[in-house]
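> Have a peek at my_file-v5.cif (mmCIF, C-alpha atoms).
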```
data_target
#
loop_
_atom_site.label_atom_id
_atom_site.label_comp_id
_atom_site.auth_asym_id
_atom_site.auth_seq_id
_atom_site.Cartn_x
_atom_site.Cartn_y
_atom_site.Cartn_z
CA MET A 1 100.98 -24.47 -2.21
CA ALA A 2 102.28 -27.65 -3.80
CA ASN A 3 100.10 -29.73 -1.55
CA THR A 4 96.73 -28.45 -2.65
CA MET A 5 94.67 -28.54 -5.81
CA GLN A 6 91.75 -26.50 -7.06
CA LEU A 7 88.45 -28.36 -6.82
CA ASP A 8 85.23 -27.28 -8.53
CA ILE A 9 82.00 -29.14 -8.00
CA VAL A 10 79.27 -27.88 -10.33
CA SER A 11 75.85 -29.16 -11.27
CA ALA A 12 73.90 -28.00 -14.29
CA GLU A 13 71.64 -25.81 -12.20
CA GLU A 14 74.16 -24.34 -9.72
CA ALA A 15 77.78 -24.22 -8.54
CA VAL A 16 78.18 -26.41 -5.45
CA PHE A 17 81.76 -25.94 -4.29
CA ALA A 18 84.94 -24.19 -5.38
CA GLY A 19 88.20 -24.03 -3.42
CA GLU A 20 91.61 -25.47 -2.62
CA VAL A 21 91.69 -29.00 -1.22
CA GLU A 22 94.37 -31.44 -0.06
CA PHE A 23 92.68 -34.71 -0.80
CA LEU A 24 89.56 -35.97 -2.49
CA ALA A 25 87.82 -39.33 -2.51
CA ALA A 26 85.02 -40.20 -4.89
CA ARG A 27 83.32 -43.35 -6.12
CA ALA A 28 83.86 -44.07 -9.78
CA THR A 29 82.21 -46.91 -11.64
CA GLU A 30 85.23 -49.15 -11.08
CA GLY A 31 85.61 -48.38 -7.40
CA GLU A 32 86.71 -45.72 -4.97
CA LEU A 33 89.28 -43.21 -6.18
CA GLY A 34 91.55 -41.22 -3.86
CA ILE A 35 93.05 -38.18 -5.51
CA MET A 36 96.05 -36.21 -4.31
CA PRO A 37 97.52 -33.14 -6.02
CA ARG A 38 99.63 -33.76 -9.17
CA HIS A 39 97.58 -36.72 -10.23
CA ALA A 40 97.89 -37.76 -13.88
CA PRO A 41 95.07 -36.55 -16.18
CA LEU A 42 92.09 -38.81 -15.64
CA MET A 43 88.48 -38.84 -16.65
CA ALA A 44 86.00 -41.03 -14.85
CA GLN A 45 82.31 -41.61 -14.59
CA LEU A 46 81.00 -41.26 -11.04
CA GLN A 47 78.55 -43.49 -9.26
CA PRO A 48 75.87 -42.07 -7.03
CA GLY A 49 77.52 -41.59 -3.68
CA GLU A 50 79.44 -39.19 -1.54
CA VAL A 51 82.50 -37.17 -2.40
CA ARG A 52 84.84 -36.73 0.54
CA VAL A 53 87.09 -33.70 0.56
CA ARG A 54 89.93 -32.77 2.95
CA MET A 55 90.56 -29.06 3.24
CA PRO A 56 94.03 -27.55 3.92
CA GLY A 57 93.29 -27.20 7.66
CA GLY A 58 92.45 -30.87 7.95
CA ASP A 59 88.69 -30.35 8.04
CA GLU A 60 86.63 -32.80 6.04
CA GLN A 61 83.58 -32.02 3.94
CA PHE A 62 81.10 -34.34 2.27
CA PHE A 63 79.03 -33.82 -0.84
CA TYR A 64 76.47 -36.14 -2.28
CA VAL A 65 76.38 -36.57 -6.05
CA SER A 66 73.84 -38.62 -7.94
CA GLY A 67 76.38 -39.53 -10.60
CA GLY A 68 78.36 -37.37 -12.97
CA MET A 69 81.80 -36.95 -14.45
CA LEU A 70 85.18 -36.41 -12.81
CA GLU A 71 88.00 -34.70 -14.69
CA ILE A 72 91.49 -34.46 -13.27
CA GLN A 73 94.29 -32.21 -14.44
CA PRO A 74 97.41 -32.10 -12.25
CA HIS A 75 96.26 -29.08 -10.23
CA VAL A 76 92.62 -28.77 -11.16
CA VAL A 77 89.86 -31.24 -10.40
CA THR A 78 86.38 -30.74 -11.82
CA ILE A 79 83.30 -32.69 -10.81
CA LEU A 80 80.35 -32.29 -13.14
CA ALA A 81 77.49 -33.54 -10.99
CA ASP A 82 74.19 -34.69 -12.44
CA THR A 83 71.02 -33.13 -11.19
CA ALA A 84 68.69 -35.63 -12.74
CA VAL A 85 68.71 -39.29 -11.87
CA ARG A 86 70.00 -40.93 -15.00
CA ALA A 87 69.27 -44.35 -16.27
CA LYS A 88 69.24 -45.58 -19.82
CA ASP A 89 65.65 -46.78 -19.78
CA ILE A 90 64.34 -43.56 -18.21
CA ASP A 91 66.06 -41.55 -20.94
CA GLU A 92 64.63 -43.88 -23.53
CA ALA A 93 61.11 -43.38 -22.17
CA GLU A 94 61.56 -39.61 -22.17
CA ALA A 95 62.65 -39.67 -25.79
CA GLU A 96 59.63 -41.76 -26.76
CA GLN A 97 57.38 -39.29 -24.99
CA ALA A 98 58.88 -36.29 -26.77
CA LYS A 99 58.30 -37.99 -30.12
CA ARG A 100 54.76 -38.93 -29.23
CA ARG A 101 53.95 -35.37 -28.19
CA ALA A 102 55.05 -34.12 -31.60
CA GLU A 103 53.01 -36.76 -33.43
CA GLU A 104 49.93 -36.09 -31.36
CA ALA A 105 50.25 -32.39 -31.93
CA LEU A 106 50.48 -32.97 -35.66
CA ARG A 107 47.41 -35.17 -35.64
CA ASP A 108 45.59 -32.82 -33.32
CA ARG A 109 44.79 -30.17 -35.85
CA SER A 110 41.12 -30.85 -35.07
CA SER A 111 41.17 -28.37 -32.20
CA GLU A 112 42.13 -25.53 -34.52
CA VAL A 113 39.63 -26.68 -37.12
CA ASP A 114 36.88 -26.81 -34.50
CA TYR A 115 37.70 -23.29 -33.50
CA ALA A 116 37.49 -22.06 -37.08
CA ARG A 117 34.19 -23.86 -37.62
CA ALA A 118 32.74 -22.42 -34.44
CA GLN A 119 33.80 -18.98 -35.58
CA THR A 120 32.04 -19.26 -38.96
CA GLU A 121 28.90 -20.57 -37.29
CA LEU A 122 28.97 -17.68 -34.89
CA ALA A 123 29.35 -15.20 -37.75
CA ALA A 124 26.38 -16.75 -39.56
CA ALA A 125 24.22 -16.60 -36.43
CA ALA A 126 25.16 -12.98 -35.84
CA ALA A 127 24.24 -12.10 -39.44
CA GLN A 128 20.84 -13.76 -39.05
CA LEU A 129 20.23 -11.87 -35.85
CA ARG A 130 21.10 -8.57 -37.50
CA ALA A 131 18.75 -9.31 -40.40
CA LEU A 132 15.92 -10.16 -38.01
CA GLN A 133 16.45 -6.95 -36.08
CA SER A 134 16.42 -4.73 -39.14
CA LEU A 135 13.27 -6.53 -40.39
CA ARG A 136 11.55 -5.92 -37.06
CA ARG A 137 12.55 -2.26 -37.11
CA LYS A 138 11.11 -1.80 -40.58
CA ARG A 139 7.81 -3.43 -39.58
CA GLY A 140 7.66 -1.27 -36.43
CA SER A 141 8.09 1.98 -38.32
CA MET B 1 25.73 15.68 -24.95
CA SER B 2 26.40 13.51 -27.98
CA GLY B 3 28.95 10.78 -27.58
CA ALA B 4 30.04 11.81 -24.08
CA LYS B 5 28.89 8.55 -22.56
CA GLU B 6 30.57 6.49 -25.25
CA ILE B 7 33.81 8.35 -24.71
CA ARG B 8 33.58 7.80 -20.97
CA THR B 9 33.12 4.05 -21.48
CA LYS B 10 36.03 4.00 -23.87
CA ILE B 11 38.28 5.76 -21.36
CA LYS B 12 37.26 3.29 -18.69
CA SER B 13 38.07 0.35 -20.95
CA VAL B 14 41.48 1.72 -21.90
CA GLN B 15 42.19 2.32 -18.22
CA ASN B 16 41.39 -1.31 -17.47
CA THR B 17 43.73 -2.46 -20.22
CA GLN B 18 46.41 -0.21 -18.82
CA LYS B 19 46.00 -1.75 -15.39
CA ILE B 20 46.53 -5.21 -16.88
CA THR B 21 49.58 -4.23 -18.91
CA GLY B 22 51.02 -2.45 -15.88
CA ALA B 23 50.58 -5.56 -13.76
CA MET B 24 52.11 -7.76 -16.45
CA GLU B 25 55.07 -5.44 -16.69
CA MET B 26 55.77 -5.73 -12.99
CA VAL B 27 55.35 -9.51 -12.99
CA ALA B 28 57.69 -9.81 -15.97
CA ALA B 29 60.26 -7.60 -14.24
CA SER B 30 60.38 -9.79 -11.14
CA LYS B 31 60.40 -12.99 -13.18
CA MET B 32 63.20 -11.63 -15.29
CA ARG B 33 65.32 -11.09 -12.21
CA SER B 34 64.90 -14.68 -11.06
CA ALA B 35 65.47 -15.99 -14.59
CA GLN B 36 68.69 -14.01 -14.73
CA GLY B 37 69.69 -15.58 -11.42
CA ARG B 38 69.14 -19.05 -12.85
CA MET B 39 71.14 -18.09 -15.90
CA GLU B 40 74.05 -17.06 -13.69
CA ALA B 41 73.73 -20.23 -11.63
CA SER B 42 73.93 -22.53 -14.64
CA ARG B 43 76.91 -20.71 -16.12
CA PRO B 44 79.69 -22.38 -14.04
CA TYR B 45 78.67 -25.84 -15.20
CA ALA B 46 78.56 -24.76 -18.82
CA GLU B 47 81.97 -23.16 -18.47
CA LYS B 48 83.54 -26.14 -16.73
CA ILE B 49 82.19 -28.70 -19.12
CA ARG B 50 83.32 -26.53 -22.00
CA ASN B 51 86.81 -26.49 -20.47
CA VAL B 52 86.80 -30.24 -20.08
CA VAL B 53 85.70 -30.76 -23.67
CA SER B 54 88.35 -28.35 -24.92
CA HIS B 55 91.00 -30.23 -22.89
CA LEU B 56 89.74 -33.35 -24.53
CA ALA B 57 90.22 -31.85 -27.98
CA HIS B 58 93.87 -31.31 -27.08
CA ALA B 59 94.47 -34.75 -25.70
CA GLN B 60 95.31 -37.44 -28.21
CA PRO B 61 92.47 -39.77 -27.44
CA GLU B 62 92.81 -43.41 -28.42
CA TYR B 63 89.15 -43.32 -29.37
CA ARG B 64 87.46 -40.77 -31.61
CA HIS B 65 83.86 -40.15 -30.75
CA PRO B 66 81.33 -39.82 -33.62
CA PHE B 67 80.15 -36.48 -32.17
CA MET B 68 83.55 -34.98 -32.96
CA SER B 69 83.91 -36.04 -36.58
CA GLU B 70 82.38 -34.10 -39.44
CA ARG B 71 80.67 -35.76 -42.36
CA GLU B 72 78.86 -34.67 -45.47
CA VAL B 73 75.61 -32.92 -44.56
CA LYS B 74 72.51 -34.56 -45.98
CA ARG B 75 70.07 -34.01 -43.17
CA VAL B 76 70.10 -31.31 -40.50
CA GLY B 77 68.30 -31.23 -37.19
CA PHE B 78 67.18 -27.93 -35.66
CA ILE B 79 66.34 -27.57 -31.98
CA VAL B 80 64.19 -24.44 -31.83
CA VAL B 81 63.83 -22.85 -28.39
CA THR B 82 60.90 -20.45 -28.04
CA SER B 83 58.63 -19.13 -25.31
CA ASP B 84 55.45 -20.87 -24.25
CA ARG B 85 53.40 -17.71 -24.18
CA GLY B 86 52.95 -14.68 -26.37
CA LEU B 87 52.71 -10.98 -25.54
CA CYS B 88 56.46 -10.67 -25.49
CA GLY B 89 57.06 -8.27 -28.35
CA GLY B 90 58.84 -9.50 -31.43
CA LEU B 91 60.90 -12.09 -29.58
CA ASN B 92 59.58 -15.22 -31.26
CA SER B 93 58.95 -13.66 -34.65
CA ASN B 94 62.52 -12.37 -34.75
CA LEU B 95 63.72 -15.87 -34.03
CA PHE B 96 61.56 -17.32 -36.82
CA ARG B 97 62.76 -14.62 -39.18
CA LYS B 98 66.30 -15.81 -38.47
CA LEU B 99 65.35 -19.47 -38.78
CA ILE B 100 63.47 -19.32 -42.09
CA PRO B 101 66.44 -18.26 -44.27
CA GLU B 102 68.43 -21.12 -42.71
CA LEU B 103 65.69 -23.57 -43.62
CA ARG B 104 65.47 -22.12 -47.12
CA LYS B 105 69.23 -22.48 -47.55
CA CYS B 106 68.94 -26.13 -46.59
CA GLU B 107 66.13 -26.58 -49.09
CA GLU B 108 68.18 -25.02 -51.88
CA ARG B 109 71.08 -27.35 -51.20
CA GLY B 110 68.72 -30.30 -51.18
CA VAL B 111 69.36 -30.95 -47.50
CA GLU B 112 66.49 -32.43 -45.55
CA VAL B 113 65.47 -30.95 -42.22
CA ASP B 114 64.23 -32.42 -38.96
CA LEU B 115 62.73 -29.98 -36.50
CA CYS B 116 62.45 -30.20 -32.77
CA ALA B 117 60.50 -27.64 -30.76
CA VAL B 118 61.06 -26.50 -27.20
CA GLY B 119 58.23 -24.19 -26.17
CA ASN B 120 54.67 -23.79 -27.31
CA LYS B 121 55.08 -20.95 -29.79
CA GLY B 122 57.77 -22.80 -31.70
CA ALA B 123 55.68 -25.96 -31.78
CA GLN B 124 52.71 -24.07 -33.24
CA PHE B 125 54.82 -22.23 -35.79
CA LEU B 126 56.72 -25.28 -36.97
CA ARG B 127 53.47 -27.22 -37.30
CA ARG B 128 52.06 -24.47 -39.53
CA LEU B 129 55.27 -24.54 -41.51
CA SER B 130 54.42 -28.23 -42.05
CA GLY B 131 58.05 -29.05 -41.43
CA ASN B 132 59.15 -32.43 -40.22
CA LEU B 133 58.55 -31.95 -36.50
CA VAL B 134 60.04 -35.00 -34.79
CA ALA B 135 59.93 -34.07 -31.12
CA GLN B 136 58.57 -31.36 -28.92
CA VAL B 137 58.41 -30.33 -25.31
CA THR B 138 56.16 -27.51 -24.16
CA HIS B 139 54.97 -25.87 -20.94
CA LEU B 140 58.32 -25.95 -19.20
CA GLY B 141 57.28 -23.11 -16.92
CA ASP B 142 59.62 -20.54 -15.45
CA THR B 143 61.92 -23.03 -13.76
CA PRO B 144 62.89 -25.60 -16.37
CA HIS B 145 64.72 -28.71 -15.21
CA ILE B 146 67.27 -30.46 -17.29
CA ALA B 147 65.30 -33.67 -16.77
CA ASP B 148 62.39 -32.22 -18.78
CA LEU B 149 64.63 -31.61 -21.76
CA LEU B 150 66.46 -34.93 -21.84
CA GLY B 151 63.94 -36.78 -24.01
CA THR B 152 63.84 -34.14 -26.71
CA ILE B 153 67.61 -33.86 -26.82
CA LYS B 154 67.98 -37.61 -26.94
CA VAL B 155 65.84 -37.82 -30.07
CA MET B 156 68.31 -35.53 -31.82
CA LEU B 157 71.41 -37.18 -30.38
CA ASP B 158 70.18 -40.62 -31.38
CA GLY B 159 69.50 -39.31 -34.86
CA PHE B 160 73.08 -38.11 -35.06
CA ARG B 161 74.46 -41.32 -33.60
CA ASN B 162 72.54 -43.51 -36.01
CA GLY B 163 73.71 -41.44 -38.95
CA GLU B 164 70.23 -40.11 -39.81
CA LEU B 165 71.32 -36.57 -38.99
CA ASP B 166 74.66 -35.12 -40.06
CA GLN B 167 74.39 -31.81 -38.24
CA VAL B 168 72.39 -30.51 -35.29
CA CYS B 169 71.78 -26.79 -34.78
CA LEU B 170 70.39 -24.93 -31.82
CA VAL B 171 68.18 -21.86 -32.35
CA TYR B 172 67.43 -19.58 -29.40
CA ASN B 173 67.37 -15.99 -28.20
CA GLU B 174 70.55 -14.83 -26.54
CA PHE B 175 70.02 -12.52 -23.58
CA VAL B 176 72.31 -9.54 -24.14
CA ASN B 177 70.61 -7.14 -21.77
CA THR B 178 67.11 -6.06 -20.86
CA MET B 179 66.64 -4.09 -24.05
CA THR B 180 68.38 -6.43 -26.49
CA GLN B 181 67.86 -10.09 -27.24
CA THR B 182 69.48 -11.47 -30.34
CA PRO B 183 68.34 -14.65 -32.10
CA GLN B 184 71.18 -17.14 -32.50
CA VAL B 185 71.72 -20.19 -34.67
CA GLU B 186 74.54 -22.35 -33.31
CA THR B 187 75.95 -25.65 -34.44
CA LEU B 188 75.74 -28.23 -31.66
CA LEU B 189 76.97 -31.29 -33.50
CA PRO B 190 79.49 -32.11 -34.78
CA LEU B 191 81.24 -30.32 -31.94
CA PRO B 192 82.99 -27.23 -33.19
CA ALA B 193 86.69 -27.06 -32.32
CA LEU B 194 87.22 -25.35 -28.97
CA THR B 195 90.41 -23.58 -28.05
CA ASP B 196 92.10 -23.26 -24.72
CA PRO B 197 94.82 -20.61 -24.36
CA VAL B 198 96.88 -22.61 -21.86
CA LEU B 199 96.79 -25.97 -23.56
CA ASP B 200 97.31 -24.57 -27.04
CA GLU B 201 100.90 -23.90 -26.04
CA GLN B 202 101.63 -27.31 -24.61
CA PRO B 203 104.04 -28.97 -27.02
CA TYR B 204 103.81 -32.56 -25.80
CA SER B 205 100.98 -34.96 -26.35
CA TRP B 206 99.09 -36.65 -23.58
CA ASP B 207 95.87 -38.53 -22.95
CA TYR B 208 93.57 -39.12 -20.06
CA ILE B 209 93.30 -42.28 -18.05
CA TYR B 210 89.71 -43.33 -18.61
CA GLU B 211 87.50 -45.13 -16.17
CA PRO B 212 85.84 -47.46 -17.14
CA ASP B 213 86.93 -46.92 -20.77
CA ALA B 214 87.27 -44.12 -23.30
CA GLU B 215 84.17 -44.93 -25.30
CA HIS B 216 81.84 -44.92 -22.30
CA VAL B 217 83.33 -41.88 -20.65
CA LEU B 218 83.39 -39.77 -23.80
CA ASP B 219 79.87 -40.78 -24.69
CA GLU B 220 78.56 -39.70 -21.31
CA LEU B 221 80.62 -36.53 -21.26
CA LEU B 222 79.66 -35.31 -24.72
CA GLN B 223 76.03 -36.11 -24.14
CA ARG B 224 76.12 -34.00 -20.99
CA TYR B 225 77.91 -31.26 -22.86
CA VAL B 226 75.16 -31.04 -25.46
CA GLU B 227 72.49 -31.19 -22.78
CA SER B 228 74.09 -28.39 -20.84
CA MET B 229 74.26 -26.25 -23.99
CA VAL B 230 70.56 -26.79 -24.64
CA TYR B 231 69.67 -26.16 -21.01
CA GLN B 232 71.69 -22.96 -21.06
CA ALA B 233 69.84 -21.89 -24.21
CA VAL B 234 66.47 -22.61 -22.62
CA VAL B 235 67.30 -20.66 -19.47
CA GLU B 236 68.63 -17.77 -21.53
CA ASN B 237 65.53 -17.81 -23.69
CA ILE B 238 63.31 -17.54 -20.62
CA ALA B 239 65.24 -14.52 -19.38
CA SER B 240 64.92 -13.01 -22.86
CA GLU B 241 61.20 -13.72 -22.89
CA GLN B 242 60.60 -11.94 -19.61
CA ALA B 243 62.77 -9.00 -20.61
CA ALA B 244 60.99 -8.66 -23.95
CA ARG B 245 57.62 -8.92 -22.24
CA MET B 246 58.58 -6.27 -19.72
CA VAL B 247 59.58 -3.83 -22.46
CA ALA B 248 56.52 -4.63 -24.57
CA MET B 249 54.17 -4.13 -21.62
CA LYS B 250 55.88 -0.89 -20.66
CA SER B 251 55.33 0.56 -24.12
CA ALA B 252 51.74 -0.73 -24.08
CA SER B 253 51.12 1.08 -20.78
CA ASP B 254 52.66 4.27 -22.20
CA ASN B 255 50.51 4.03 -25.30
CA ALA B 256 47.41 3.52 -23.17
CA GLU B 257 48.33 6.68 -21.25
CA ASN B 258 48.48 8.65 -24.53
CA VAL B 259 45.16 7.27 -25.73
CA ILE B 260 43.52 8.18 -22.43
CA GLU B 261 44.89 11.72 -22.65
CA ASP B 262 43.53 12.20 -26.17
CA LEU B 263 40.15 10.75 -25.25
CA GLN B 264 39.94 12.94 -22.17
CA LEU B 265 40.47 16.01 -24.36
CA VAL B 266 37.74 14.95 -26.77
CA TYR B 267 35.43 14.24 -23.84
CA ASN B 268 36.03 17.65 -22.27
CA LYS B 269 35.35 19.40 -25.57
CA ALA B 270 32.11 17.48 -26.08
CA ARG B 271 31.01 18.33 -22.54
CA GLN B 272 31.75 22.02 -23.00
CA ALA B 273 29.95 22.11 -26.36
CA ALA B 274 26.90 20.48 -24.78
CA ILE B 275 26.82 23.03 -21.94
CA THR B 276 27.17 25.92 -24.39
CA THR B 277 24.29 24.72 -26.56
CA GLU B 278 22.11 24.21 -23.51
CA LEU B 279 22.85 27.76 -22.30
CA THR B 280 22.10 29.28 -25.72
CA GLU B 281 18.83 27.38 -25.82
CA ILE B 282 17.81 28.68 -22.40
CA VAL B 283 18.86 32.24 -23.20
CA SER B 284 17.12 32.29 -26.58
CA GLY B 285 14.07 30.67 -25.01
CA ALA B 286 13.95 33.38 -22.35
CA ALA B 287 14.39 36.11 -25.00
CA ALA B 288 11.50 34.70 -27.00
CA VAL B 289 9.10 34.86 -24.06
#
```
Using structure tokens, write down the structure that the file contains.


Amino acid sequence: MANTMQLDIVSAEEAVFAGEVEFLAARATEGELGIMPRHAPLMAQLQPGEVRVRMPGGDEQFFYVSGGMLEIQPHVVTILADTAVRAKDIDEAEAEQAKRRAEEALRDRSSEVDYARAQTELAAAAAQLRALQSLRRKRGS
Amino acid sequence: MSGAKEIRTKIKSVQNTQKITGAMEMVAASKMRSAQGRMEASRPYAEKIRNVVSHLAHAQPEYRHPFMSEREVKRVGFIVVTSDRGLCGGLNSNLFRKLIPELRKCEERGVEVDLCAVGNKGAQFLRRLSGNLVAQVTHLGDTPHIADLLGTIKVMLDGFRNGELDQVCLVYNEFVNTMTQTPQVETLLPLPALTDPVLDEQPYSWDYIYEPDAEHVLDELLQRYVESMVYQAVVENIASEQAARMVAMKSASDNAENVIEDLQLVYNKARQAAITTELTEIVSGAAAV
């Protein structure tokens, strides 16, 4: 028992792995980390790369993460994997886009106005048509 | 046979409507199931990251992140999560009914408000409200990806980081079960204190080893935490939307059934009356001859 630790690998959209492991190797920003049970609390940012896991039987498993966070408590290791490819400038561009969408939408009241105008014109045309019809009926009778 | 033809057309038209609502009900039911699946799938991450953040609150970090410190509230940001499409009962209007008193409270206290819309209905409503809509993302579809939300969230996070916003709230519909969805207003930032039953009892103080350094790691972690909360809200809102639509369409189909029944009765009466008059006319005609 003392020689294993609980490992959870989760990404925002699903749980990837959960179970007891003997050893874990992952690539943090400062280099490769090898984690054994009873490690001191540590929090690290992961680089895109593989996470190597040794199971109690000696089997090895590999997971690919495109970055994320690694949290270590003496008997529990959590990997919060990213699903999206993250880069500062991509995030920046996304933020700009979200703002622009809001501004455009605010400016773009014209579409609603056009609809209202079309509706009034339609109502006027329908009224004219009705008047014409009743006139014709009167003349016919 | 006065009106019989009109009634027949009317019945036909109600039947067509019923077919559509019936189909929509079934589509919503199957979409709800998959939305619920996605909700379940995203829960482990939300739970884990919540654990990590609550551990963090118990550590004695050498560095205190701005997201964790409260300050006087002068400007509040609201992230409003709504559906893209209508015909889902009172789902969105209930949410707005919950949101408006909050906005009014802010107004009374002289607090300014920035709004941020996720979903088409919210965007339209907030525009009509002529609030200060700073960012929006619409047409996420049934399978939203966290990547689609990042930009909108970043606008709010940057606002908080730069000191323009002093509080960020999240407004969404919580999926309780198929029949109930409750609108929620939650505070995202500053991070509310989280508790952890195990660590609350630990008497000694400790801190993490950070790689590369505390500032970077905490920044990334807390940003992800907020993102996962918003993503969770969006996924939950979609499940709520489908559930609400399913219930609304079911009652619409039931109502259509009632209308058809009533119309059928009226039609039968009119038909019988017409036959009776025709018979009397023939009989009286024959008697006159």

> Evaluate the PyMOL selection byres ((chain B) within 6 of (chain A)) on the structure here and hand back the selected residues as a list in words.

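What the PyMOL selection byres ((chain B) within 6 of (chain A)) grabs from the file is Ala41, Ser42, Tyr45, Val134, Ala135, Gln136, Ala147, Gly151, Thr152, Lys154, Val155, Tyr208, Ile209, Tyr210 and Glu211 of chain B.
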
> Restrict the selected residues to C-alpha atoms and save them as a compact mmCIF listing (two decimals), in the frame of the given file.


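Below is the file part-v3.txt, written as the result:
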```
# COMPACT_ATOMS: atom_id res chain seq x y z
CA ALA B 41 73.73 -20.23 -11.63
CA SER B 42 73.93 -22.53 -14.64
CA TYR B 45 78.67 -25.84 -15.20
CA VAL B 134 60.04 -35.00 -34.79
CA ALA B 135 59.93 -34.07 -31.12
CA GLN B 136 58.57 -31.36 -28.92
CA ALA B 147 65.30 -33.67 -16.77
CA GLY B 151 63.94 -36.78 -24.01
CA THR B 152 63.84 -34.14 -26.71
CA LYS B 154 67.98 -37.61 -26.94
CA VAL B 155 65.84 -37.82 -30.07
CA TYR B 208 93.57 -39.12 -20.06
CA ILE B 209 93.30 -42.28 -18.05
CA TYR B 210 89.71 -43.33 -18.61
CA GLU B 211 87.50 -45.13 -16.17
```

> The PyMOL selection byres ((chain B and resi 89) around 8) - which residues does that actually catch in the file I just gave you? List them as an MDAnalysis selection string.

chainID B and resid 86:88 90:92 244:245 247:248

> Please, what distance in Å, to one decimal, runs between atom CA of Lys74 of chain B and atom CA of Gly159 of chain B?

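Going from atom CA of Lys74 of chain B over to atom CA of Gly159 of chain B, I get 12.5 Å.
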
> Can you work out which one of B:Gln36, B:Ser30, B:Ser69, B:Thr138 has the shortest atom-to-atom distance to Gly163 of chain B, counting all atoms listed in the file?

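Smallest distance to Gly163 of chain B is found for B:Ser69.
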
> Could you check how far atom CA of Arg161 of chain B sits from atom CA of Pro48 of chain A, in Å to one decimal?

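Atom CA of Pro48 of chain A lies 26.6 Å from atom CA of Arg161 of chain B.
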
> For the file shown, what are the residues hit by the PyMOL selection byres ((chain B and resi 59) around 9), laid out as a PyMOL selection string?

chain B and resi 54-58+60-61+205-208

> Would you pick out the contacts of segment 223-231 of chain B at 7 Å or less, using all atoms listed in the file, so that residues sharing its chain but fewer than 5 positions from it are not included, and give the list as a ChimeraX atom specification?

/A:12 /B:46,49,146,153,188

> I'd like the interatomic distance between atom CA of Ala193 of chain B and atom CA of Leu133 of chain B, to a tenth of an Å.

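These two atoms are separated by 28.9 Å.
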
> Compare B:Ala123, B:Leu165, B:Val283, B:Leu150 by their minimum atom-to-atom distance to Val111 of chain B, counting only C-alpha atoms, and give me the closest one.

B:Leu165
